[in-house]
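Scroll down for the structure; my scribbles are underneath it.
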Amino acid sequence: MLVKNLIGSEPVYFVVIIWLVYLIDVVLPLNLNLWGIRPREITGLSGIIFSPFLHGSFFHIVSNTLPLLILGLIVRAYGRAMFWGVSLIVIGIGGLFAWFFSSPGIVIGASGVIFGYWSFAIVHGLLKRSIKSILLSLFVLLFYGTMIFSFFSLYVNISWSGHLGGALAGVLCAITLNKMKSKRVSV
């Protein structure tokens with residue numbers, strides 16, 4: 001049952017799609033990365049939608065695959081609607097943050113989404129205060145807690161603003177959804 005649920009879940013499809021896009025771009029050199037976020041250019045706004053599916057190298061996509069899958073499955077554990085809501089908000093708000101604050105160039109990769117899932121899982125778990133959500137938060141902190149140090153990355157080709165934007169969007173999702181649920185309960 002668990003394997004059936006994993007194979008048929010959205011995070012698995014997300015990972016499959018990013019790999020398909022990467023392989024298509026390698027086999028048919030289409031230079032799809034030009035569709036990434038181009039900061040502060042109106043034509044670069046469409047990159048907000050496309051950038052999570054684009055990766056610049058084999059190392060880049062491999063580095064994003066496992067965290068995207070694991071953290072995506074943790075968010076998906078809260079339900080399909082929650083997964084889609086968090087994903088769309090993180091892609092939108094995190095991408096907009098990267099569009100405003102990134103250095104000139106093209107921003108690509110699923111790291112912003114990964115950071116959004118990461119911060120959502122931690123904050124949502126702490127706010128929800130159920131055993132399941134707290135255990136998931138602790139798991140994320142234990143295995144992915146060091147991700148916070150990438151906000152201070154000095155590497156030129158790593159978008160700290162994409163990471164930070166995704167993380168802030170994940171926190172916003174967790175706080176907003178917690179407030180919405182508590183209003184529904186108190187009514």
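As shown in the structure tokens, the chain order sets the letters A, B, ...; within each chain, residues go from 1, and ligands are also counted from 1 in the order they appear.
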Report as CSV the residues of range 6-124 of chain A within 8 Å of range 163-171 of chain A, each with its shortest atom pair and distance in Å (one decimal), using only C-alpha atoms, ordered by chain and increasing residue number.
```
residue,atom,partner,partner_atom,distance
A:Val86,CA,A:Gly170,CA,7.0
A:Ile89,CA,A:Ala169,CA,6.8
A:Val90,CA,A:Ala169,CA,5.1
A:Ile91,CA,A:Gly166,CA,7.3
A:Ile93,CA,A:Ala169,CA,5.8
A:Gly94,CA,A:Gly165,CA,4.1
A:Gly95,CA,A:Gly165,CA,7.0
A:Leu96,CA,A:Gly165,CA,7.8
A:Phe97,CA,A:Gly165,CA,5.1
A:Ala98,CA,A:Gly165,CA,6.2
A:Ser111,CA,A:His163,CA,6.1
A:Gly112,CA,A:Gly166,CA,4.3
A:Val113,CA,A:Gly166,CA,5.7
A:Ile114,CA,A:Gly166,CA,7.4
A:Phe115,CA,A:Ala167,CA,4.8
A:Gly116,CA,A:Gly170,CA,4.1
A:Tyr117,CA,A:Gly170,CA,6.1
A:Trp118,CA,A:Ala167,CA,7.1
A:Ser119,CA,A:Gly170,CA,5.2
A:Phe120,CA,A:Gly170,CA,4.3
A:Val123,CA,A:Val171,CA,6.2
A:His124,CA,A:Val171,CA,7.8
```
From chain A, collect each residue whose DSSP state is alpha helix (DSSP H) and return the set as a PyMOL selection string. chain A and resi 2-7+10-27+47-50+58-76+80-89+95-101+111-128+131-144+160-186
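Taking CA of Leu136 in chain A and CA of Ile18 in chain A as the two end points, the separation is 25.2 Å.
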Taking only C-alpha atoms into account, name the residue in A:Leu71, A:Val15, A:Ile134, A:Leu20 that is nearest to Phe83 in chain A. A:Leu71
Any idea what's packed within 6 Å of range 100-108 of chain A, counting only C-alpha atoms, ignoring anything in its chain fewer than 4 positions away? Could you give it as number ranges by chain? A: 36-40, 51, 54-55, 161
Only all heavy atoms, please: the residues just picked out, written as a PDB file, in the first residue's frame.
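After the write, part_38.pdb holds the following:
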```pdb
ATOM      1  N   GLY A  36      14.251  30.362 -17.543  1.00  0.00           N
ATOM      2  CA  GLY A  36      14.300  30.586 -16.102  1.00  0.00           C
ATOM      3  C   GLY A  36      13.929  32.020 -15.746  1.00  0.00           C
ATOM      4  O   GLY A  36      13.585  32.835 -16.607  1.00  0.00           O
ATOM      5  N   ILE A  37      14.023  32.324 -14.475  1.00  0.00           N
ATOM      6  CA  ILE A  37      13.709  33.666 -13.980  1.00  0.00           C
ATOM      7  C   ILE A  37      14.843  34.606 -14.373  1.00  0.00           C
ATOM      8  O   ILE A  37      16.006  34.354 -14.055  1.00  0.00           O
ATOM      9  CB  ILE A  37      13.543  33.664 -12.444  1.00  0.00           C
ATOM     10  CG1 ILE A  37      12.383  32.764 -12.025  1.00  0.00           C
ATOM     11  CG2 ILE A  37      13.363  35.083 -11.916  1.00  0.00           C
ATOM     12  CD1 ILE A  37      12.315  32.497 -10.530  1.00  0.00           C
ATOM     13  N   ARG A  38      14.485  35.687 -15.046  1.00  0.00           N
ATOM     14  CA  ARG A  38      15.455  36.744 -15.339  1.00  0.00           C
ATOM     15  C   ARG A  38      15.076  37.938 -14.466  1.00  0.00           C
ATOM     16  O   ARG A  38      14.091  38.627 -14.733  1.00  0.00           O
ATOM     17  CB  ARG A  38      15.444  37.098 -16.830  1.00  0.00           C
ATOM     18  CG  ARG A  38      16.232  36.057 -17.626  1.00  0.00           C
ATOM     19  CD  ARG A  38      16.180  36.278 -19.095  1.00  0.00           C
ATOM     20  NE  ARG A  38      14.896  35.692 -19.532  1.00  0.00           N
ATOM     21  CZ  ARG A  38      14.149  36.168 -20.504  1.00  0.00           C
ATOM     22  NH1 ARG A  38      14.515  37.215 -21.173  1.00  0.00           N
ATOM     23  NH2 ARG A  38      13.030  35.586 -20.824  1.00  0.00           N
ATOM     24  N   PRO A  39      15.854  38.154 -13.396  1.00  0.00           N
ATOM     25  CA  PRO A  39      15.494  39.160 -12.390  1.00  0.00           C
ATOM     26  C   PRO A  39      15.240  40.552 -12.973  1.00  0.00           C
ATOM     27  O   PRO A  39      15.990  41.040 -13.808  1.00  0.00           O
ATOM     28  CB  PRO A  39      16.704  39.176 -11.458  1.00  0.00           C
ATOM     29  CG  PRO A  39      17.314  37.823 -11.627  1.00  0.00           C
ATOM     30  CD  PRO A  39      17.098  37.472 -13.066  1.00  0.00           C
ATOM     31  N   ARG A  40      14.133  41.108 -12.507  1.00  0.00           N
ATOM     32  CA  ARG A  40      13.721  42.474 -12.805  1.00  0.00           C
ATOM     33  C   ARG A  40      13.514  42.763 -14.292  1.00  0.00           C
ATOM     34  O   ARG A  40      13.534  43.906 -14.716  1.00  0.00           O
ATOM     35  CB  ARG A  40      14.679  43.480 -12.159  1.00  0.00           C
ATOM     36  CG  ARG A  40      14.620  43.439 -10.631  1.00  0.00           C
ATOM     37  CD  ARG A  40      15.737  44.195  -9.968  1.00  0.00           C
ATOM     38  NE  ARG A  40      17.071  43.758 -10.324  1.00  0.00           N
ATOM     39  CZ  ARG A  40      17.657  42.629  -9.917  1.00  0.00           C
ATOM     40  NH1 ARG A  40      17.010  41.800  -9.140  1.00  0.00           N
ATOM     41  NH2 ARG A  40      18.891  42.339 -10.282  1.00  0.00           N
ATOM     42  N   SER A  51      11.091  27.868 -13.920  1.00  0.00           N
ATOM     43  CA  SER A  51      12.400  27.649 -13.288  1.00  0.00           C
ATOM     44  C   SER A  51      12.490  26.411 -12.394  1.00  0.00           C
ATOM     45  O   SER A  51      13.535  25.758 -12.392  1.00  0.00           O
ATOM     46  CB  SER A  51      12.853  28.895 -12.533  1.00  0.00           C
ATOM     47  OG  SER A  51      12.018  29.159 -11.442  1.00  0.00           O
ATOM     48  N   LEU A  54      13.737  23.388 -14.384  1.00  0.00           N
ATOM     49  CA  LEU A  54      14.958  23.536 -15.184  1.00  0.00           C
ATOM     50  C   LEU A  54      16.196  23.387 -14.294  1.00  0.00           C
ATOM     51  O   LEU A  54      16.225  23.926 -13.191  1.00  0.00           O
ATOM     52  CB  LEU A  54      14.976  24.911 -15.861  1.00  0.00           C
ATOM     53  CG  LEU A  54      13.764  25.248 -16.725  1.00  0.00           C
ATOM     54  CD1 LEU A  54      13.808  26.711 -17.157  1.00  0.00           C
ATOM     55  CD2 LEU A  54      13.699  24.325 -17.932  1.00  0.00           C
ATOM     56  N   HIS A  55      17.194  22.686 -14.805  1.00  0.00           N
ATOM     57  CA  HIS A  55      18.434  22.489 -14.047  1.00  0.00           C
ATOM     58  C   HIS A  55      19.624  22.624 -14.971  1.00  0.00           C
ATOM     59  O   HIS A  55      19.591  22.189 -16.119  1.00  0.00           O
ATOM     60  CB  HIS A  55      18.417  21.123 -13.346  1.00  0.00           C
ATOM     61  CG  HIS A  55      17.430  21.090 -12.236  1.00  0.00           C
ATOM     62  ND1 HIS A  55      16.082  20.894 -12.444  1.00  0.00           N
ATOM     63  CD2 HIS A  55      17.586  21.282 -10.907  1.00  0.00           C
ATOM     64  CE1 HIS A  55      15.446  20.959 -11.280  1.00  0.00           C
ATOM     65  NE2 HIS A  55      16.339  21.197 -10.337  1.00  0.00           N
ATOM     66  N   SER A 161      18.698  34.166  -2.928  1.00  0.00           N
ATOM     67  CA  SER A 161      17.366  34.781  -2.907  1.00  0.00           C
ATOM     68  C   SER A 161      16.288  33.767  -3.299  1.00  0.00           C
ATOM     69  O   SER A 161      15.163  33.848  -2.803  1.00  0.00           O
ATOM     70  CB  SER A 161      17.323  36.000  -3.828  1.00  0.00           C
ATOM     71  OG  SER A 161      17.681  35.640  -5.136  1.00  0.00           O
TER      72      SER A 161
END
```
Neighbouring residues of Val26 in chain A were defined as those with any atom within 10 Å, considering only C-alpha atoms; residues of the same chain fewer than 4 positions away were excluded. Please report them as a short mmCIF file (atom, residue, chain, number, x, y, z; two decimals) with N, CA and C atoms, in the first residue's frame.
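Contents of the output file result-v6.cif:
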```
data_model
loop_
_atom_site.label_atom_id
_atom_site.label_comp_id
_atom_site.auth_asym_id
_atom_site.auth_seq_id
_atom_site.Cartn_x
_atom_site.Cartn_y
_atom_site.Cartn_z
N LEU A 20 12.74 14.45 -16.85
CA LEU A 20 12.38 14.41 -18.27
C LEU A 20 12.78 15.71 -18.98
N VAL A 21 12.50 16.83 -18.34
CA VAL A 21 12.87 18.12 -18.92
C VAL A 21 14.39 18.21 -19.06
N TYR A 22 15.11 17.79 -18.05
CA TYR A 22 16.57 17.83 -18.11
C TYR A 22 17.10 16.95 -19.25
N LEU A 30 18.07 22.34 -26.53
CA LEU A 30 17.10 23.41 -26.76
C LEU A 30 17.42 24.65 -25.94
N ASN A 31 18.36 24.51 -25.01
CA ASN A 31 18.71 25.61 -24.11
C ASN A 31 17.48 26.11 -23.34
N LEU A 32 16.75 25.16 -22.77
CA LEU A 32 15.53 25.48 -22.04
C LEU A 32 15.78 26.39 -20.84
N GLY A 56 20.69 23.22 -14.45
CA GLY A 56 21.84 23.57 -15.27
C GLY A 56 22.86 22.47 -15.49
N SER A 57 22.85 21.43 -14.66
CA SER A 57 23.84 20.38 -14.79
C SER A 57 23.33 19.10 -14.14
N PHE A 58 24.05 18.02 -14.42
CA PHE A 58 23.70 16.74 -13.80
C PHE A 58 23.82 16.85 -12.28
#
```
For Ser137 in chain A, please output as a list in words all residues within 6 Å (counting only C-alpha atoms; exclusion window: fewer than 6 positions along the same chain). Ala121, Ile122 and Gly125 of chain A
Just write the chosen residues, N, CA, C and O atoms, as an mmCIF file, in the first residue's frame.
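Now in again_38.cif:
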```
data_model
loop_
_atom_site.group_PDB
_atom_site.id
_atom_site.type_symbol
_atom_site.label_atom_id
_atom_site.label_comp_id
_atom_site.auth_asym_id
_atom_site.auth_seq_id
_atom_site.Cartn_x
_atom_site.Cartn_y
_atom_site.Cartn_z
ATOM 1 N N ALA A 121 7.185 22.474 6.388
ATOM 2 C CA ALA A 121 7.112 21.274 7.228
ATOM 3 C C ALA A 121 7.496 21.576 8.669
ATOM 4 O O ALA A 121 6.854 21.095 9.608
ATOM 5 N N ILE A 122 8.508 22.394 8.850
ATOM 6 C CA ILE A 122 8.951 22.730 10.216
ATOM 7 C C ILE A 122 7.914 23.600 10.925
ATOM 8 O O ILE A 122 7.456 23.271 12.020
ATOM 9 N N GLY A 125 4.323 21.992 11.375
ATOM 10 C CA GLY A 125 4.338 20.974 12.423
ATOM 11 C C GLY A 125 4.330 21.569 13.813
ATOM 12 O O GLY A 125 3.638 21.076 14.709
#
```
